[in-house]
>>> print(open('entry.cif').read())   # mmCIF, C-alpha atoms
data_query
#
loop_
_atom_site.label_atom_id
_atom_site.label_comp_id
_atom_site.auth_asym_id
_atom_site.auth_seq_id
_atom_site.Cartn_x
_atom_site.Cartn_y
_atom_site.Cartn_z
CA MET A 1 3.03 -7.95 19.88
CA LYS A 2 3.40 -8.12 23.63
CA GLU A 3 0.88 -6.32 25.79
CA THR A 4 1.95 -3.07 27.42
CA PRO A 5 2.75 -3.72 31.09
CA LEU A 6 1.19 -1.61 33.80
CA SER A 7 3.34 1.00 35.44
CA ASN A 8 4.06 0.87 39.16
CA CYS A 9 1.83 3.90 39.74
CA GLU A 10 -1.15 2.24 38.02
CA ARG A 11 -0.57 -1.00 39.90
CA ARG A 12 -0.43 0.76 43.27
CA PHE A 13 -3.51 2.81 42.42
CA LEU A 14 -5.56 -0.28 41.51
CA LEU A 15 -4.49 -2.21 44.61
CA ARG A 16 -5.20 0.78 46.84
CA ALA A 17 -8.68 1.14 45.34
CA ILE A 18 -9.39 -2.58 45.87
CA GLU A 19 -8.30 -2.30 49.51
CA GLU A 20 -10.83 0.50 49.94
CA LYS A 21 -13.51 -1.69 48.25
CA LYS A 22 -13.72 0.57 45.20
CA ARG A 23 -13.54 -0.28 41.50
CA LEU A 24 -12.65 1.84 38.48
CA ASP A 25 -16.03 1.39 36.79
CA GLY A 26 -18.02 2.17 39.96
CA ARG A 27 -19.18 -1.39 40.66
CA GLN A 28 -19.37 -3.00 44.04
CA THR A 29 -17.26 -6.02 44.99
CA TYR A 30 -19.78 -8.68 43.90
CA ASP A 31 -21.40 -6.85 40.97
CA TYR A 32 -21.41 -8.15 37.41
CA ARG A 33 -21.12 -5.89 34.40
CA ASN A 34 -24.16 -5.38 32.18
CA ILE A 35 -24.94 -8.39 30.00
CA LYS A 36 -26.50 -7.90 26.58
CA ILE A 37 -27.59 -10.78 24.31
CA SER A 38 -28.47 -10.28 20.64
CA PHE A 39 -29.29 -12.92 18.02
CA GLY A 40 -28.48 -13.15 14.34
CA THR A 41 -30.75 -13.93 11.44
CA ASP A 42 -29.82 -17.62 11.38
CA TYR A 43 -30.41 -20.02 14.22
CA GLY A 44 -27.43 -20.63 16.46
CA CYS A 45 -25.76 -17.22 15.97
CA CYS A 46 -25.53 -14.75 18.83
CA ILE A 47 -23.39 -11.96 20.28
CA VAL A 48 -22.89 -11.62 24.03
CA GLU A 49 -21.60 -8.37 25.51
CA LEU A 50 -20.22 -8.45 29.05
CA GLY A 51 -19.40 -4.80 29.59
CA LYS A 52 -16.95 -4.02 26.80
CA THR A 53 -16.03 -7.69 26.27
CA ARG A 54 -17.81 -8.93 23.15
CA VAL A 55 -18.03 -12.56 22.04
CA LEU A 56 -19.63 -14.06 18.93
CA GLY A 57 -21.04 -17.58 19.14
CA GLN A 58 -21.88 -19.71 16.09
CA VAL A 59 -23.16 -23.29 16.06
CA SER A 60 -23.08 -25.55 13.00
CA CYS A 61 -23.76 -29.26 12.39
CA GLU A 62 -23.01 -32.03 9.90
CA LEU A 63 -23.53 -35.77 9.57
CA VAL A 64 -20.36 -37.79 10.28
CA ALA A 65 -19.36 -41.28 11.33
CA PRO A 66 -19.39 -41.81 15.13
CA LYS A 67 -16.46 -42.75 17.31
CA LEU A 68 -15.69 -46.45 17.59
CA ASN A 69 -16.09 -46.63 21.37
CA ARG A 70 -19.33 -44.54 21.33
CA ALA A 71 -21.29 -45.70 18.31
CA THR A 72 -24.66 -44.31 19.49
CA GLU A 73 -23.54 -40.86 20.65
CA GLY A 74 -23.13 -37.64 18.71
CA ILE A 75 -20.00 -35.51 18.80
CA LEU A 76 -19.73 -32.12 20.50
CA PHE A 77 -16.77 -29.94 19.50
CA PHE A 78 -15.74 -26.53 20.87
CA ASN A 79 -13.36 -24.04 19.30
CA LEU A 80 -12.38 -20.72 20.85
CA GLU A 81 -10.46 -18.15 18.80
CA LEU A 82 -8.63 -15.09 20.13
CA SER A 83 -8.22 -12.81 17.13
CA GLN A 84 -5.84 -9.88 16.95
CA MET A 85 -8.85 -7.64 16.42
CA ALA A 86 -9.85 -8.19 20.06
CA ALA A 87 -6.47 -7.15 21.52
CA PRO A 88 -3.04 -6.44 20.00
CA ALA A 89 -1.42 -8.92 22.38
CA PHE A 90 -3.11 -11.90 20.68
CA GLU A 91 -0.94 -13.34 17.89
CA PRO A 92 -2.74 -14.81 14.88
CA GLY A 93 -2.10 -18.40 13.83
CA ARG A 94 -0.55 -19.39 17.13
CA GLN A 95 -2.09 -21.16 20.14
CA SER A 96 -1.08 -19.39 23.31
CA ASP A 97 -1.24 -20.86 26.80
CA LEU A 98 -4.31 -18.75 27.55
CA LEU A 99 -6.14 -20.13 24.51
CA VAL A 100 -5.38 -23.75 25.41
CA LYS A 101 -6.51 -23.18 28.99
CA LEU A 102 -9.78 -21.55 27.93
CA ASN A 103 -10.58 -24.31 25.40
CA ARG A 104 -10.05 -27.04 27.98
CA LEU A 105 -12.15 -25.20 30.54
CA LEU A 106 -15.02 -24.82 28.06
CA GLU A 107 -14.94 -28.52 27.20
CA ARG A 108 -15.02 -29.54 30.84
CA CYS A 109 -17.81 -27.07 31.57
CA LEU A 110 -20.13 -28.02 28.69
CA ARG A 111 -19.19 -31.42 27.32
CA ASN A 112 -18.07 -33.27 30.43
CA SER A 113 -21.04 -31.96 32.41
CA LYS A 114 -23.41 -33.71 29.93
CA CYS A 115 -25.46 -30.57 29.40
CA ILE A 116 -26.52 -31.86 25.95
CA ASP A 117 -28.09 -35.24 25.30
CA THR A 118 -25.54 -36.67 22.82
CA GLU A 119 -27.56 -39.88 22.29
CA SER A 120 -30.35 -37.83 20.68
CA LEU A 121 -27.82 -36.82 18.01
CA CYS A 122 -27.55 -40.37 16.68
CA VAL A 123 -29.19 -41.00 13.30
CA VAL A 124 -27.98 -44.53 12.42
CA ALA A 125 -26.07 -46.38 15.14
CA GLY A 126 -22.47 -46.92 14.14
CA GLU A 127 -22.91 -45.11 10.79
CA LYS A 128 -24.40 -41.60 11.00
CA VAL A 129 -24.44 -39.16 13.89
CA TRP A 130 -24.65 -35.40 14.20
CA GLN A 131 -21.47 -33.49 14.93
CA ILE A 132 -22.23 -30.19 16.69
CA ARG A 133 -19.49 -27.61 16.35
CA VAL A 134 -19.48 -24.51 18.58
CA ASP A 135 -17.20 -21.68 17.39
CA ILE A 136 -16.53 -18.83 19.81
CA HIS A 137 -14.85 -15.69 18.43
CA LEU A 138 -13.60 -12.98 20.75
CA LEU A 139 -14.41 -9.61 19.18
CA ASN A 140 -13.21 -7.30 21.95
CA HIS A 141 -11.19 -8.09 25.07
CA ASP A 142 -11.87 -6.20 28.29
CA GLY A 143 -11.38 -8.98 30.81
CA ASN A 144 -13.20 -12.16 31.96
CA ILE A 145 -13.19 -14.01 28.64
CA ILE A 146 -14.26 -17.35 30.08
CA ASP A 147 -17.55 -16.07 31.54
CA ALA A 148 -18.55 -14.35 28.30
CA ALA A 149 -17.52 -17.40 26.23
CA SER A 150 -19.53 -19.82 28.39
CA ILE A 151 -22.63 -17.62 28.18
CA ALA A 152 -22.25 -17.29 24.39
CA ALA A 153 -21.82 -21.06 23.97
CA VAL A 154 -24.89 -21.88 26.06
CA VAL A 155 -27.05 -19.26 24.33
CA ALA A 156 -25.95 -20.41 20.85
CA LEU A 157 -26.68 -24.07 21.68
CA CYS A 158 -30.13 -23.22 23.06
CA HIS A 159 -30.93 -21.09 20.01
CA PHE A 160 -29.65 -23.59 17.43
CA ARG A 161 -31.94 -25.75 15.27
CA ARG A 162 -30.67 -28.76 13.33
CA PRO A 163 -32.33 -30.05 10.14
CA ASP A 164 -34.82 -32.86 10.47
CA VAL A 165 -33.93 -36.32 9.07
CA SER A 166 -35.77 -39.54 8.32
CA VAL A 167 -34.41 -43.06 7.91
CA GLN A 168 -36.01 -45.62 5.58
CA GLY A 169 -33.98 -48.79 5.58
CA GLU A 170 -30.46 -47.75 4.71
CA GLU A 171 -31.52 -44.48 3.09
CA VAL A 172 -31.17 -41.28 5.13
CA THR A 173 -33.19 -38.25 3.97
CA LEU A 174 -32.21 -34.75 5.06
CA TYR A 175 -35.00 -32.13 4.93
CA THR A 176 -34.57 -28.42 4.34
CA PRO A 177 -36.17 -25.84 6.69
CA GLU A 178 -38.87 -25.19 4.05
CA GLU A 179 -39.88 -28.86 3.95
CA ARG A 180 -39.82 -29.53 7.69
CA ASP A 181 -39.27 -27.35 10.72
CA PRO A 182 -35.77 -27.66 12.19
CA VAL A 183 -35.35 -29.53 15.46
CA ALA A 184 -33.92 -27.97 18.61
CA LEU A 185 -31.19 -29.69 20.63
CA SER A 186 -32.02 -31.60 23.77
CA ILE A 187 -30.40 -29.61 26.60
CA HIS A 188 -30.51 -30.89 30.18
CA HIS A 189 -29.10 -27.84 32.00
CA MET A 190 -27.17 -24.66 31.33
CA PRO A 191 -23.77 -24.49 33.09
CA ILE A 192 -22.44 -20.93 33.48
CA CYS A 193 -18.91 -19.98 34.54
CA VAL A 194 -18.37 -17.36 37.27
CA SER A 195 -14.87 -15.95 37.84
CA PHE A 196 -13.46 -14.68 41.14
CA ALA A 197 -10.22 -12.68 41.33
CA PHE A 198 -8.12 -12.69 44.52
CA PHE A 199 -5.72 -9.96 45.61
CA GLN A 200 -3.09 -9.67 48.35
CA GLN A 201 -2.78 -13.48 48.67
CA GLY A 202 -6.53 -14.07 49.01
CA THR A 203 -7.29 -11.16 51.34
CA TYR A 204 -9.57 -9.32 48.88
CA LEU A 205 -12.09 -10.80 46.44
CA LEU A 206 -13.74 -9.41 43.27
CA VAL A 207 -16.38 -10.87 40.96
CA ASP A 208 -16.11 -10.45 37.17
CA PRO A 209 -12.68 -8.76 36.97
CA ASN A 210 -11.98 -6.49 34.03
CA GLU A 211 -8.77 -6.41 32.00
CA ARG A 212 -6.81 -4.08 34.32
CA GLU A 213 -7.88 -5.95 37.42
CA GLU A 214 -6.74 -9.23 35.86
CA ARG A 215 -3.23 -7.80 35.44
CA VAL A 216 -2.77 -7.09 39.16
CA MET A 217 -4.60 -10.12 40.59
CA ASP A 218 -2.73 -12.88 42.43
CA GLY A 219 -5.08 -15.75 41.60
CA LEU A 220 -8.28 -16.69 39.77
CA LEU A 221 -11.03 -19.11 40.78
CA VAL A 222 -13.58 -20.23 38.13
CA ILE A 223 -16.72 -22.08 39.23
CA ALA A 224 -19.12 -23.54 36.61
CA MET A 225 -22.59 -24.06 38.04
CA ASN A 226 -26.18 -24.45 36.81
CA LYS A 227 -29.37 -22.98 38.26
CA HIS A 228 -29.91 -26.13 40.33
CA ARG A 229 -26.77 -25.14 42.32
CA GLU A 230 -24.85 -28.12 40.94
CA ILE A 231 -21.14 -27.49 40.46
CA CYS A 232 -20.09 -28.70 36.99
CA THR A 233 -16.39 -27.82 37.23
CA ILE A 234 -14.05 -25.76 39.35
CA GLN A 235 -10.57 -24.49 38.53
CA SER A 236 -8.07 -22.42 40.49
CA SER A 237 -5.04 -20.76 38.88
CA GLY A 238 -2.34 -18.39 40.04
CA GLY A 239 -0.68 -20.52 42.72
CA ILE A 240 -2.46 -19.07 45.75
CA MET A 241 -3.72 -21.16 48.66
CA LEU A 242 -7.45 -20.85 49.32
CA LEU A 243 -9.24 -21.87 52.48
CA LYS A 244 -12.32 -24.07 52.53
CA ASP A 245 -14.46 -21.20 53.78
CA GLN A 246 -13.37 -19.01 50.88
CA VAL A 247 -14.34 -21.67 48.32
CA LEU A 248 -17.75 -22.20 49.96
CA ARG A 249 -18.35 -18.47 50.04
CA CYS A 250 -17.52 -18.19 46.35
CA SER A 251 -19.83 -21.10 45.52
CA LYS A 252 -22.76 -19.37 47.25
CA ILE A 253 -22.11 -16.16 45.33
CA ALA A 254 -21.83 -18.16 42.08
CA GLY A 255 -25.23 -19.79 42.72
CA VAL A 256 -26.91 -16.38 42.94
CA LYS A 257 -25.18 -15.03 39.84
CA VAL A 258 -25.91 -18.14 37.75
CA ALA A 259 -29.62 -17.96 38.62
CA GLU A 260 -29.75 -14.33 37.44
CA ILE A 261 -27.87 -15.05 34.20
CA THR A 262 -30.00 -18.12 33.41
CA GLU A 263 -33.17 -16.09 33.80
CA LEU A 264 -31.76 -13.43 31.48
CA ILE A 265 -30.90 -16.07 28.86
CA GLN A 266 -34.37 -17.59 28.97
CA LYS A 267 -36.04 -14.18 28.55
CA ALA A 268 -33.83 -13.36 25.57
CA LEU A 269 -34.65 -16.69 23.90
CA GLU A 270 -38.39 -16.24 24.50
CA ASN A 271 -38.38 -12.72 23.06
CA ASP A 272 -36.51 -13.84 19.94
CA GLN A 273 -38.85 -16.78 19.40
CA LYS A 274 -41.88 -14.53 19.82
CA VAL A 275 -40.60 -12.00 17.27
CA ARG A 276 -39.85 -14.74 14.73
CA LYS A 277 -43.35 -16.22 15.08
CA GLU A 278 -45.04 -12.84 14.69
CA GLY A 279 -42.95 -12.09 11.61
CA GLY A 280 -41.31 -9.02 13.10
CA LYS A 281 -37.84 -7.71 12.51
CA PHE A 282 -34.95 -9.59 14.06
CA GLY A 283 -31.20 -9.99 13.67
CA PHE A 284 -28.14 -7.97 14.58
CA ALA A 285 -29.29 -4.93 12.57
CA GLU A 286 -32.41 -4.55 14.72
CA SER A 287 -30.42 -4.74 17.96
CA ILE A 288 -28.42 -1.61 17.08
CA ALA A 289 -29.77 1.60 18.60
CA ASN A 290 -31.28 4.17 16.25
CA GLN A 291 -29.77 7.60 15.57
CA ARG A 292 -26.24 6.24 15.55
CA ILE A 293 -23.53 6.17 12.94
CA THR A 294 -23.94 2.41 12.53
CA ALA A 295 -27.68 2.62 11.89
CA PHE A 296 -28.64 1.14 8.53
CA LYS A 297 -31.72 3.25 7.81
CA MET A 298 -33.66 6.31 8.91
CA GLU A 299 -37.41 6.67 9.35
CA LYS A 300 -39.18 8.40 6.46
CA ALA A 301 -41.04 11.63 7.19
CA PRO A 302 -44.62 11.70 5.74
CA VAL A 303 -45.29 14.46 3.18
CA ASP A 304 -48.85 15.61 2.32
CA THR A 305 -49.14 16.40 -1.41
CA SER A 306 -52.95 16.65 -1.69
CA ASP A 307 -53.32 20.46 -1.93
CA VAL A 308 -50.03 21.40 -3.56
CA GLU A 309 -51.63 23.39 -6.42
CA GLU A 310 -53.81 25.48 -4.09
CA LYS A 311 -50.87 26.39 -1.88
CA ALA A 312 -48.75 27.26 -4.90
CA GLY A 313 -51.52 29.61 -6.18
CA GLU A 314 -51.76 31.35 -2.81
CA ILE A 315 -47.99 31.86 -2.66
CA ILE A 316 -47.95 33.37 -6.18
CA ALA A 317 -50.89 35.69 -5.37
CA GLU A 318 -49.26 36.97 -2.18
CA ALA A 319 -45.89 37.52 -3.85
CA GLU A 320 -44.85 41.05 -4.94
CA PRO A 321 -45.06 41.86 -8.68
CA PRO A 322 -41.78 41.96 -10.59
CA SER A 323 -39.97 45.28 -10.96
CA GLU A 324 -40.23 47.32 -14.21
CA VAL A 325 -37.60 46.82 -16.87
CA VAL A 326 -35.39 49.90 -17.39
CA SER A 327 -34.09 50.43 -20.92
CA LYS A 328 -31.40 52.95 -19.99
CA PRO A 329 -28.07 51.84 -18.54
CA VAL A 330 -28.03 51.98 -14.76
CA LEU A 331 -24.91 52.25 -12.63
CA TRP A 332 -25.61 50.00 -9.65
CA THR A 333 -22.23 50.48 -8.02
CA SER A 334 -18.98 52.13 -8.96
CA GLY A 335 -17.14 50.17 -11.63
CA THR A 336 -20.24 48.34 -12.94
CA ALA A 337 -22.86 49.14 -15.58
CA ARG A 338 -25.70 47.58 -17.51
CA ILE A 339 -25.29 47.49 -21.30
CA GLY A 340 -28.39 47.43 -23.45
CA GLU A 341 -28.87 47.01 -27.18
CA GLY A 342 -28.32 50.26 -29.10
CA VAL A 343 -27.11 52.15 -26.03
CA GLU A 344 -23.65 53.58 -25.60
CA ASN A 345 -21.33 51.48 -23.44
CA SER A 346 -20.63 52.94 -20.01
CA TRP A 347 -18.42 51.22 -17.45
CA GLY A 348 -18.77 53.68 -14.59
CA ASP A 349 -15.98 55.29 -12.66
CA LEU A 350 -12.52 53.90 -12.76
CA GLU A 351 -10.89 52.51 -9.69
CA ASP A 352 -8.51 54.59 -7.60
CA SER A 353 -5.44 52.70 -8.75
CA GLU A 354 -6.34 53.26 -12.41
CA LYS A 355 -6.93 56.99 -11.75
CA ASP A 356 -3.52 57.36 -10.15
CA GLU A 357 -1.84 55.62 -13.08
CA ASP A 358 -3.57 57.88 -15.65
CA GLU A 359 -2.77 61.06 -13.74
CA GLY A 360 0.83 60.01 -13.29
CA GLY A 361 1.19 59.25 -16.99
CA SER A 362 -0.22 62.65 -18.07
CA HIS A 363 2.01 64.47 -15.60
CA GLU A 364 5.09 62.73 -16.95
CA ALA A 365 4.10 63.61 -20.49
CA VAL A 366 3.85 67.32 -19.59
CA ILE A 367 7.27 67.25 -17.93
CA LEU A 368 8.84 65.60 -20.96
CA ASP A 369 7.37 68.30 -23.23
CA ASN A 370 8.79 71.02 -21.02
CA ILE A 371 12.18 69.35 -21.06
CA LYS A 372 12.15 69.20 -24.87
CA MET A 373 11.27 72.87 -25.13
CA ASP A 374 13.99 73.91 -22.71
CA THR A 375 16.65 71.78 -24.38
CA GLY A 376 15.68 73.15 -27.78
CA ALA A 377 16.15 76.73 -26.57
CA GLY A 378 19.49 75.85 -24.99
CA VAL A 379 20.79 74.28 -28.18
CA SER A 380 19.76 77.25 -30.33
CA ASP A 381 21.48 79.69 -28.00
CA ILE A 382 24.64 77.80 -27.19
CA GLY A 383 24.91 75.38 -30.09
CA SER A 384 27.80 77.27 -31.71
CA GLN A 385 30.00 76.99 -28.60
CA ASP A 386 31.55 74.03 -26.87
CA ASP A 387 29.70 74.58 -23.59
CA PRO A 388 28.10 71.52 -22.09
CA ILE A 389 24.39 70.87 -22.61
CA VAL A 390 22.42 70.72 -19.36
CA LEU A 391 19.10 68.87 -19.06
CA SER A 392 16.97 70.01 -16.14
CA ASP A 393 13.30 70.03 -15.17
CA SER A 394 13.26 71.21 -11.55
CA GLU A 395 15.23 73.20 -9.00
CA GLU A 396 18.35 71.68 -7.46
CA GLU A 397 17.99 68.28 -9.08
CA GLU A 398 20.57 65.82 -10.31
CA MET A 399 21.18 66.32 -14.02
CA ILE A 400 23.34 64.73 -16.69
CA ILE A 401 25.88 66.97 -18.46
CA LEU A 402 26.78 65.94 -21.95
CA GLU A 403 30.30 67.04 -22.91
CA PRO A 404 32.05 66.19 -26.15
CA ASP A 405 34.57 63.34 -25.94
CA LYS A 406 33.94 62.92 -22.22
CA ASN A 407 31.95 60.59 -20.04
CA PRO A 408 28.69 61.97 -18.64
CA LYS A 409 28.96 63.42 -15.16
CA LYS A 410 26.36 64.24 -12.58
CA ILE A 411 26.40 67.81 -11.13
CA ARG A 412 23.93 69.90 -9.22
CA THR A 413 22.79 73.15 -10.97
CA GLN A 414 20.19 75.78 -10.52
CA THR A 415 16.96 76.33 -12.42
CA THR A 416 16.66 76.99 -16.15
CA SER A 417 15.46 80.52 -15.51
CA ALA A 418 18.76 81.43 -13.84
CA LYS A 419 20.72 79.96 -16.81
CA GLN A 420 18.75 82.02 -19.26
CA GLU A 421 19.66 85.17 -17.35
CA LYS A 422 23.39 84.27 -17.24
CA ALA A 423 23.65 83.15 -20.87
CA PRO A 424 23.52 86.63 -22.59
CA SER A 425 26.15 88.05 -20.22
CA LYS A 426 28.82 85.69 -21.58
CA LYS A 427 28.92 87.19 -25.10
CA PRO A 428 29.82 90.85 -24.24
CA MET A 429 32.60 89.69 -21.98
CA LYS A 430 34.25 87.84 -24.84
CA LYS A 431 33.88 90.82 -27.23
CA ARG A 432 35.64 93.17 -24.79
CA LYS A 433 38.54 90.77 -24.50
CA LYS A 434 38.92 90.71 -28.29
CA LYS A 435 38.83 94.54 -28.54
CA ARG A 436 41.57 94.94 -25.94
CA ALA A 437 43.72 92.47 -27.81
CA THR A 438 43.37 94.45 -31.06
CA ASN A 439 44.27 97.69 -29.33
#
>>> encode(input="entry.cif", output="structure tokens")
Amino acid sequence: MKETPLSNCERRFLLRAIEEKKRLDGRQTYDYRNIKISFGTDYGCCIVELGKTRVLGQVSCELVAPKLNRATEGILFFNLELSQMAAPAFEPGRQSDLLVKLNRLLERCLRNSKCIDTESLCVVAGEKVWQIRVDIHLLNHDGNIIDAASIAAVVALCHFRRPDVSVQGEEVTLYTPEERDPVALSIHHMPICVSFAFFQQGTYLLVDPNEREERVMDGLLVIAMNKHREICTIQSSGGIMLLKDQVLRCSKIAGVKVAEITELIQKALENDQKVRKEGGKFGFAESIANQRITAFKMEKAPVDTSDVEEKAGEIIAEAEPPSEVVSKPVLWTSGTARIGEGVENSWGDLEDSEKDEDEGGSHEAVILDNIKMDTGAGVSDIGSQDDPIVLSDSEEEEMIILEPDKNPKKIRTQTTSAKQEKAPSKKPMKKRKKKRATN
């Protein structure tokens, strides 16, 4: 995955801030980011934090055959890994140009400067020597990898202890840490890399550039120096032309920074050695701040249990006596009740919805009874004739008329009381018609 390029607005903003001698994190031009060094449980393991850039250093050793042209010297090997966990732009299983350049710079800084006495690593000349392997893993990338890697490598080498050995004739005996105390490496000096970033073709200079500043820089100058102000290696990249005065100025600044970093490393090593001798807690777990999500444990709060019974008796004495038991059912709220043994069940008042349903059902039943009574009277009075039967229960309401051999029709009629008044008037009218016909 390729890294996301900076937009033109971000690039112009960064360059404008550098021209005004301002930095995004509030540092001055020659300021370093905060450096934090923490050690692991084993010797030779450390984590160096340079701002948000985190590097893990691990040193290991084994007995191997020496090189043919250097039969009395041990072997020093460096390996730097840029994992995809540090930045998405790093591809796993592939050596990029940046990785090759950083590995070569580390070897020139530490191995070619003879910071470690390789002759003290010889066990049997021409047969057995110690091979010291320094593995540097980049955990998080926020710029200036080479400075953090060089500090981690130096700290890990100073903290490392190799097993003790003894030679009796042709027999080589290797002792465990329980049998004999491990032996520290013989280190002559501690070379530290200091990076300088140049902008606008060398017009502006910054110390310890972060990741965004590295994207807009024109060139990079790396100076490796020890506290004795001896330059171990120097490398310039980016294709910019630097003047002699600029290089001398950078070397003076590097001398001051290296002295400060070396003092910090020595204090960290002394504190770790003191804690290990006193038998205190050490390791990465102890370097994590308390009250954080990553904390492994919490402090236990002391609890006094000497007078628990006395306090319990006082609490019971001060408490209110229990309420009397009521045998009769009590309605606490509407719709609830208490049922006791041998007492009639009472469930309280019904809810409003249930009341409405019961009232509606009784009302409908009354109406149906009225309808049946009315229809019965109508059938008894008019059952002998072919008049239609009308079912009604209220004034001016839609009713169904049942006629013989016809489909039911809907008509609007008056009340049953009016029909009862009109019904007896139909019979005399028909009798008069019959009398006139007989006459």
>>> resolve_selection(input="entry.cif", expression="the PyMOL selection byres ((chain A and resi 59) around 8)", output="PyMOL selection string")
chain A and resi 44-45+57-58+60-61+132-135+156-157+160
>>> atom_distance(input="entry.cif", atom1="atom CA of A:Gly74", atom2="atom CA of A:Lys114")
11.9 Å
>>> atom_distance(input="entry.cif", atom1="atom CA of A:Tyr32", atom2="atom CA of A:Ala87")
21.8 Å
>>> residues_around(input="entry.cif", residues="A:Thr173", least_positions_apart="6", cutoff="12 Å", atoms="only C-alpha atoms", output="PDB file with C-alpha atoms, in the coordinates of the input")
ATOM      1  CA  LEU A  63     -23.530 -35.770   9.570  1.00  0.00           C
ATOM      2  CA  VAL A 123     -29.190 -41.000  13.300  1.00  0.00           C
ATOM      3  CA  VAL A 124     -27.980 -44.530  12.420  1.00  0.00           C
ATOM      4  CA  LYS A 128     -24.400 -41.600  11.000  1.00  0.00           C
ATOM      5  CA  PRO A 163     -32.330 -30.050  10.140  1.00  0.00           C
ATOM      6  CA  ASP A 164     -34.820 -32.860  10.470  1.00  0.00           C
ATOM      7  CA  VAL A 165     -33.930 -36.320   9.070  1.00  0.00           C
ATOM      8  CA  SER A 166     -35.770 -39.540   8.320  1.00  0.00           C
ATOM      9  CA  VAL A 167     -34.410 -43.060   7.910  1.00  0.00           C
ATOM     10  CA  GLU A 179     -39.880 -28.860   3.950  1.00  0.00           C
ATOM     11  CA  ARG A 180     -39.820 -29.530   7.690  1.00  0.00           C
TER      12      ARG A 180
END
>>> closest_atom_pairs(input="entry.cif", of="stretch 17-43 of chain A", to="stretch 205-223 of chain A", cutoff="10 Å", atoms="only C-alpha atoms", output="JSON lines")
{"residue": "A:Ile18", "atom": "CA", "partner": "A:Leu206", "partner_atom": "CA", "distance": 8.5}
{"residue": "A:Glu19", "atom": "CA", "partner": "A:Leu205", "partner_atom": "CA", "distance": 9.8}
{"residue": "A:Lys21", "atom": "CA", "partner": "A:Leu206", "partner_atom": "CA", "distance": 9.2}
{"residue": "A:Arg23", "atom": "CA", "partner": "A:Glu213", "partner_atom": "CA", "distance": 9.0}
{"residue": "A:Leu24", "atom": "CA", "partner": "A:Glu213", "partner_atom": "CA", "distance": 9.2}
{"residue": "A:Asp25", "atom": "CA", "partner": "A:Asn210", "partner_atom": "CA", "distance": 9.3}
{"residue": "A:Arg27", "atom": "CA", "partner": "A:Val207", "partner_atom": "CA", "distance": 9.9}
{"residue": "A:Gln28", "atom": "CA", "partner": "A:Leu206", "partner_atom": "CA", "distance": 8.6}
{"residue": "A:Thr29", "atom": "CA", "partner": "A:Leu206", "partner_atom": "CA", "distance": 5.2}
{"residue": "A:Tyr30", "atom": "CA", "partner": "A:Val207", "partner_atom": "CA", "distance": 5.0}
{"residue": "A:Asp31", "atom": "CA", "partner": "A:Val207", "partner_atom": "CA", "distance": 6.4}
{"residue": "A:Tyr32", "atom": "CA", "partner": "A:Asp208", "partner_atom": "CA", "distance": 5.8}
{"residue": "A:Arg33", "atom": "CA", "partner": "A:Asp208", "partner_atom": "CA", "distance": 7.3}
>>> write_last_selection(input="entry.cif", atoms="C-alpha atoms", output="JSON list (two decimals), keeping the file's coordinate frame")
[["chain", "number", "residue", "atom", "x", "y", "z"],
["A", 18, "ILE", "CA", -9.39, -2.58, 45.87],
["A", 19, "GLU", "CA", -8.30, -2.30, 49.51],
["A", 21, "LYS", "CA", -13.51, -1.69, 48.25],
["A", 23, "ARG", "CA", -13.54, -0.28, 41.50],
["A", 24, "LEU", "CA", -12.65, 1.84, 38.48],
["A", 25, "ASP", "CA", -16.03, 1.39, 36.79],
["A", 27, "ARG", "CA", -19.18, -1.39, 40.66],
["A", 28, "GLN", "CA", -19.37, -3.00, 44.04],
["A", 29, "THR", "CA", -17.26, -6.02, 44.99],
["A", 30, "TYR", "CA", -19.78, -8.68, 43.90],
["A", 31, "ASP", "CA", -21.40, -6.85, 40.97],
["A", 32, "TYR", "CA", -21.41, -8.15, 37.41],
["A", 33, "ARG", "CA", -21.12, -5.89, 34.40]]
>>> resolve_selection(input="entry.cif", expression="the PyMOL selection byres ((chain A and resi 116) around 8)", output="list of chain:residue names")
A:Leu110, A:Arg111, A:Lys114, A:Cys115, A:Asp117, A:Thr118, A:Leu185, A:Ser186, A:Ile187, A:His188, A:His189
>>> residues_around(input="entry.cif", residues="A:Ala224", least_positions_apart="4", cutoff="10 Å", atoms="all atoms listed in the file", output="compact mmCIF listing (two decimals) with C-alpha atoms, in the frame of the given file")
# COMPACT_ATOMS: atom_id res chain seq x y z
CA LEU A 105 -12.15 -25.20 30.54
CA LEU A 106 -15.02 -24.82 28.06
CA ARG A 108 -15.02 -29.54 30.84
CA CYS A 109 -17.81 -27.07 31.57
CA LEU A 110 -20.13 -28.02 28.69
CA SER A 113 -21.04 -31.96 32.41
CA ASP A 147 -17.55 -16.07 31.54
CA SER A 150 -19.53 -19.82 28.39
CA MET A 190 -27.17 -24.66 31.33
CA PRO A 191 -23.77 -24.49 33.09
CA ILE A 192 -22.44 -20.93 33.48
CA CYS A 193 -18.91 -19.98 34.54
CA VAL A 194 -18.37 -17.36 37.27
CA SER A 195 -14.87 -15.95 37.84
CA ARG A 229 -26.77 -25.14 42.32
CA GLU A 230 -24.85 -28.12 40.94
CA ILE A 231 -21.14 -27.49 40.46
CA CYS A 232 -20.09 -28.70 36.99
CA THR A 233 -16.39 -27.82 37.23
CA ILE A 234 -14.05 -25.76 39.35
CA GLN A 235 -10.57 -24.49 38.53
CA SER A 251 -19.83 -21.10 45.52
CA ALA A 254 -21.83 -18.16 42.08
CA GLY A 255 -25.23 -19.79 42.72
CA VAL A 258 -25.91 -18.14 37.75
